[in-house]
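Working notes for the structure below.
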Amino acid sequence: MSGDSAGTRAASHGIVVAIDGPSGSGKSSVSRAVARRLGTAYLDTGAMYRAATWWCLEEQVDLADQAAVAAAVDVMPLVMGIDPAAPTVHVDGTDVGEAIRTTEISTAVSAVATNLAVRAELRRLQRAIIAAESSVESAGTSFSGGRGIVAEGRDITTVVAPDADARILLTASEEARLARRSLEVHGAADAAAVEATKDQVLRRDRDDSTVSQFHVAADGVVTVDSSDLDFEQTIQAVLDVVEQVLATAATGPDAGSGGEGPAR
């Protein structure tokens with residue numbers, strides 16, 4: 001599917017694609033590729049929680065003090081670069097794109113991501129970005145020119161953008177997710193590398209599952225299981241779902257409700 005396909009939808013607003021999923025499911029890389037194919041903006045909401053964690057540590061905030069963490073995040077000078085070809089994250093003018101991917105941040109981020117006040121504030125920012133990119137009124141000032149956005153994270157399909165045009169749960173088996181993350185972090189997927197990654201991945205999912213649901217698709221959310229798909233096949237599977245939703249929207253008033261979607 002090309003950007004032109006996204007442009008054929010109703011002129012009232014740009015397309016919004018919401019993608020949820022557990023760690024190692026390929027959300028970020030797949031979502032970026034899908035956004036590039038559709039010609040839309042791309043929002044990595046997980047990076048926002050990592051940036052908030054970096055900011056709190058930089059400001060020497062005790063992560064166990066939920067009120068202090070929430071207060072710090074409320075005034076965090078965060079700027080999200082939403083170009084899928086080169087997404088960026090800046091906090092107080094500092095490029096933290098690499099810093100937020102360190103083991104230190106990965107280990108600490110759940111303490112911030114499970115803070116309900118933090119989640120409320122970052123969800124507010126996320127909704128504002130999604131609204132700006134999908135609004136024809138802001139076409140002249142938004143990155144995508146109002147064409148829309150692909151947003152990915154933990155609770156995008158259910159809480160942040162429950163009315164998104166296409167809502168997808170991108171998942172994979174635990175074995176596949178651990179292998180992918182160990183390749184990403186350690187450059188290898190042998191037994192030792194997988195074991196070194198296991199606690200980080202599974203603990204993060206376990207902690208985050210206390211405040212968001214991303215293992216089971218909600219009503220109207222299409223599941224794409226990438227366990228046996230390569231990268232390009234996974235991208236295509238997601239694009240197929242988007243194309244189906246847009247085609248349905250063009251032919252009937254009940255379109256865009258999701259449903260089971262194509263079997264994967």
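So you can find residues: chains in the structure tokens are A, B, ... in the order shown, residues in each start at 1, and ligands are numbered from 1 in order.
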
### Query
Got a sec to tell me which of segment 53-188 of chain A DSSP assigns to alpha helix (DSSP H), as a count of residues only?
58

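Residues in contact range of segment 135-146 of chain A, defined as at most 7 Å between only C-alpha atoms, with sequence neighbours fewer than 2 positions away removed, read Ser12, His13, Gly14, Thr40, Ala41, Ala131, Ala132, Glu133 and Gly148 of chain A.
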
Could the residues in this selection be saved with all heavy atoms as a CSV table (one decimal), in the first residue's frame?
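Final file, again25.csv:
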```
chain,number,residue,atom,x,y,z
A,12,SER,N,-12.2,14.2,5.6
A,12,SER,CA,-12.4,14.9,6.9
A,12,SER,C,-11.2,14.8,7.9
A,12,SER,O,-11.0,15.7,8.7
A,12,SER,CB,-13.6,14.2,7.6
A,12,SER,OG,-13.4,12.8,7.8
A,13,HIS,N,-10.4,13.7,7.8
A,13,HIS,CA,-9.3,13.6,8.6
A,13,HIS,C,-8.3,12.6,8.1
A,13,HIS,O,-8.7,11.7,7.3
A,13,HIS,CB,-9.7,13.3,10.1
A,13,HIS,CG,-10.3,11.9,10.2
A,13,HIS,ND1,-9.6,10.8,10.5
A,13,HIS,CD2,-11.6,11.5,10.2
A,13,HIS,CE1,-10.4,9.8,10.6
A,13,HIS,NE2,-11.7,10.2,10.4
A,14,GLY,N,-7.1,12.7,8.5
A,14,GLY,CA,-6.1,11.7,8.1
A,14,GLY,C,-6.2,10.4,8.8
A,14,GLY,O,-7.0,10.3,9.8
A,40,THR,N,2.7,8.8,6.4
A,40,THR,CA,2.2,9.4,7.6
A,40,THR,C,3.3,9.7,8.6
A,40,THR,O,4.5,9.4,8.4
A,40,THR,CB,1.2,8.6,8.3
A,40,THR,OG1,1.8,7.4,8.8
A,40,THR,CG2,0.1,8.1,7.3
A,41,ALA,N,3.0,10.3,9.7
A,41,ALA,CA,3.9,10.5,10.8
A,41,ALA,C,4.0,9.2,11.6
A,41,ALA,O,3.2,8.3,11.4
A,41,ALA,CB,3.4,11.7,11.7
A,131,ALA,N,-4.0,14.0,17.2
A,131,ALA,CA,-5.0,14.9,16.7
A,131,ALA,C,-4.4,15.9,15.7
A,131,ALA,O,-5.0,16.1,14.7
A,131,ALA,CB,-5.6,15.6,17.9
A,132,ALA,N,-3.2,16.4,16.0
A,132,ALA,CA,-2.6,17.3,15.1
A,132,ALA,C,-2.3,16.7,13.7
A,132,ALA,O,-2.4,17.4,12.7
A,132,ALA,CB,-1.3,17.9,15.7
A,133,GLU,N,-1.8,15.5,13.8
A,133,GLU,CA,-1.3,14.8,12.5
A,133,GLU,C,-2.5,14.3,11.7
A,133,GLU,O,-2.4,14.1,10.5
A,133,GLU,CB,-0.4,13.7,12.8
A,133,GLU,CG,0.9,14.1,13.4
A,133,GLU,CD,1.7,15.1,12.4
A,133,GLU,OE1,1.7,14.9,11.2
A,133,GLU,OE2,2.2,16.1,12.9
A,148,GLY,N,-2.0,11.8,8.4
A,148,GLY,CA,-2.2,10.9,9.5
A,148,GLY,C,-1.0,10.4,10.3
A,148,GLY,O,0.1,11.0,10.1
```

### Task
For atom CA of Val34 of chain A and atom CA of Leu239 of chain A, determine how far apart the two atoms are, in Å to one decimal place.
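Computed distance, atom CA of Val34 of chain A to atom CA of Leu239 of chain A, equals 6.8 Å.
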
#### Entry: Atomic separation - atom CA of Ala113 of chain A relative to atom CA of Gly26 of chain A, Å
19.4 Å

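The space between atom CA of Arg123 of chain A and atom CA of Phe231 of chain A spans 28.5 Å.
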
### Task
Please give the complete set of residues from segment 38-172 of chain A that DSSP, run on the backbone, assigns to strand (DSSP E or B), formatted as number ranges by chain.
A: 41-44, 78-81, 88-91, 94-95, 135, 148-153, 166-171

Can those selected residues be exported to a file as an mmCIF file, in the first residue's frame so that it contains N, CA and C atoms?
```
data_model
loop_
_atom_site.group_PDB
_atom_site.id
_atom_site.type_symbol
_atom_site.label_atom_id
_atom_site.label_comp_id
_atom_site.auth_asym_id
_atom_site.auth_seq_id
_atom_site.Cartn_x
_atom_site.Cartn_y
_atom_site.Cartn_z
ATOM 1 N N ALA A 41 2.962 10.345 9.704
ATOM 2 C CA ALA A 41 3.876 10.534 10.826
ATOM 3 C C ALA A 41 3.964 9.227 11.607
ATOM 4 N N TYR A 42 4.924 9.177 12.525
ATOM 5 C CA TYR A 42 5.132 7.983 13.349
ATOM 6 C C TYR A 42 5.388 8.410 14.791
ATOM 7 N N LEU A 43 4.674 7.806 15.741
ATOM 8 C CA LEU A 43 4.858 8.142 17.148
ATOM 9 C C LEU A 43 5.178 6.893 17.953
ATOM 10 N N ASP A 44 6.363 6.913 18.575
ATOM 11 C CA ASP A 44 6.802 5.836 19.465
ATOM 12 C C ASP A 44 6.480 6.273 20.892
ATOM 13 N N LEU A 78 9.763 18.001 26.601
ATOM 14 C CA LEU A 78 9.907 16.890 25.651
ATOM 15 C C LEU A 78 9.478 17.303 24.251
ATOM 16 N N VAL A 79 10.298 16.964 23.269
ATOM 17 C CA VAL A 79 9.945 17.190 21.867
ATOM 18 C C VAL A 79 10.143 15.876 21.117
ATOM 19 N N MET A 80 9.052 15.351 20.563
ATOM 20 C CA MET A 80 9.110 14.102 19.822
ATOM 21 C C MET A 80 9.211 14.394 18.324
ATOM 22 N N GLY A 81 10.270 13.885 17.704
ATOM 23 C CA GLY A 81 10.390 13.980 16.260
ATOM 24 C C GLY A 81 9.649 12.823 15.626
ATOM 25 N N THR A 88 13.106 11.204 16.352
ATOM 26 C CA THR A 88 14.020 11.720 17.359
ATOM 27 C C THR A 88 13.287 11.963 18.673
ATOM 28 N N VAL A 89 14.077 12.042 19.742
ATOM 29 C CA VAL A 89 13.537 12.362 21.064
ATOM 30 C C VAL A 89 14.486 13.369 21.704
ATOM 31 N N HIS A 90 13.969 14.558 22.004
ATOM 32 C CA HIS A 90 14.771 15.587 22.661
ATOM 33 C C HIS A 90 14.123 15.982 23.980
ATOM 34 N N VAL A 91 14.934 16.094 25.008
ATOM 35 C CA VAL A 91 14.471 16.568 26.305
ATOM 36 C C VAL A 91 15.346 17.748 26.709
ATOM 37 N N THR A 94 18.296 18.320 24.575
ATOM 38 C CA THR A 94 19.280 17.248 24.458
ATOM 39 C C THR A 94 18.708 16.077 23.676
ATOM 40 N N ASP A 95 19.450 15.603 22.696
ATOM 41 C CA ASP A 95 19.046 14.424 21.939
ATOM 42 C C ASP A 95 19.299 13.198 22.816
ATOM 43 N N SER A 135 -5.592 15.857 11.596
ATOM 44 C CA SER A 135 -6.566 16.921 11.365
ATOM 45 C C SER A 135 -6.254 17.679 10.083
ATOM 46 N N GLY A 148 -1.988 11.825 8.449
ATOM 47 C CA GLY A 148 -2.250 10.907 9.540
ATOM 48 C C GLY A 148 -1.003 10.445 10.257
ATOM 49 N N ILE A 149 -1.158 9.392 11.057
ATOM 50 C CA ILE A 149 -0.078 8.952 11.928
ATOM 51 C C ILE A 149 -0.218 7.471 12.265
ATOM 52 N N VAL A 150 0.910 6.822 12.436
ATOM 53 C CA VAL A 150 0.957 5.469 12.995
ATOM 54 C C VAL A 150 1.531 5.619 14.396
ATOM 55 N N ALA A 151 0.755 5.251 15.404
ATOM 56 C CA ALA A 151 1.188 5.366 16.797
ATOM 57 C C ALA A 151 1.288 3.977 17.400
ATOM 58 N N GLU A 152 2.398 3.723 18.087
ATOM 59 C CA GLU A 152 2.565 2.394 18.674
ATOM 60 C C GLU A 152 2.977 2.481 20.133
ATOM 61 N N GLY A 153 2.604 1.441 20.893
ATOM 62 C CA GLY A 153 2.939 1.413 22.309
ATOM 63 C C GLY A 153 2.238 0.300 23.040
ATOM 64 N N ALA A 166 -7.575 2.081 12.194
ATOM 65 C CA ALA A 166 -7.124 0.687 12.236
ATOM 66 C C ALA A 166 -6.441 0.460 13.571
ATOM 67 N N ARG A 167 -6.893 -0.565 14.279
ATOM 68 C CA ARG A 167 -6.310 -0.895 15.588
ATOM 69 C C ARG A 167 -5.782 -2.327 15.519
ATOM 70 N N ILE A 168 -4.502 -2.471 15.819
ATOM 71 C CA ILE A 168 -3.822 -3.750 15.602
ATOM 72 C C ILE A 168 -3.042 -4.154 16.839
ATOM 73 N N LEU A 169 -3.163 -5.405 17.222
ATOM 74 C CA LEU A 169 -2.310 -5.985 18.253
ATOM 75 C C LEU A 169 -1.260 -6.824 17.545
ATOM 76 N N LEU A 170 -0.017 -6.348 17.587
ATOM 77 C CA LEU A 170 1.089 -7.065 16.957
ATOM 78 C C LEU A 170 1.755 -7.920 18.030
ATOM 79 N N THR A 171 1.689 -9.220 17.860
ATOM 80 C CA THR A 171 2.210 -10.111 18.875
ATOM 81 C C THR A 171 3.105 -11.174 18.256
#
```

### Task
Compare A:Leu229, A:Leu116, A:Ala47, A:Ala35 by their minimum atom-to-atom distance to Ala67 of chain A, counting only C-alpha atoms, and give me the closest one.
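Answer, going by the shortest atom-to-atom distance: A:Leu116.
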
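Candidate residues A:Thr157, A:Thr107, A:Ser23, A:Thr251 were compared for distance to Gly46 of chain A, and the nearest is A:Ser23, using only C-alpha atoms.
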
### Given only C-alpha atoms as the counted atoms, nearest of A:Val96, A:Ala70, A:Ile235, A:Ala111 to Ser28 of chain A
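Between A:Val96, A:Ala70, A:Ile235, A:Ala111, the residue approaching Ser28 of chain A most closely is A:Ile235.
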
### Task
Kindly indicate which residue among A:Asp165, A:Asp20, A:Glu58, A:Glu232 lies nearest to Val73 of chain A, using only C-alpha atoms for the distances.
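Result for the nearest residue to Val73 of chain A: A:Glu58.
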
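With only C-alpha atoms as the atoms that count, the minimum distance from Ser226 of chain A to the choices A:Ala64, A:Leu38, A:Ala250, A:Ala172 is reached by A:Ala172.
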
### Query
Restricting the calculation to only C-alpha atoms, which member of A:Thr45, A:Thr234, A:Gln66, A:Ser29 is positioned closest to Val112 of chain A?
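Between A:Thr45, A:Thr234, A:Gln66, A:Ser29, the residue approaching Val112 of chain A most closely is A:Gln66.
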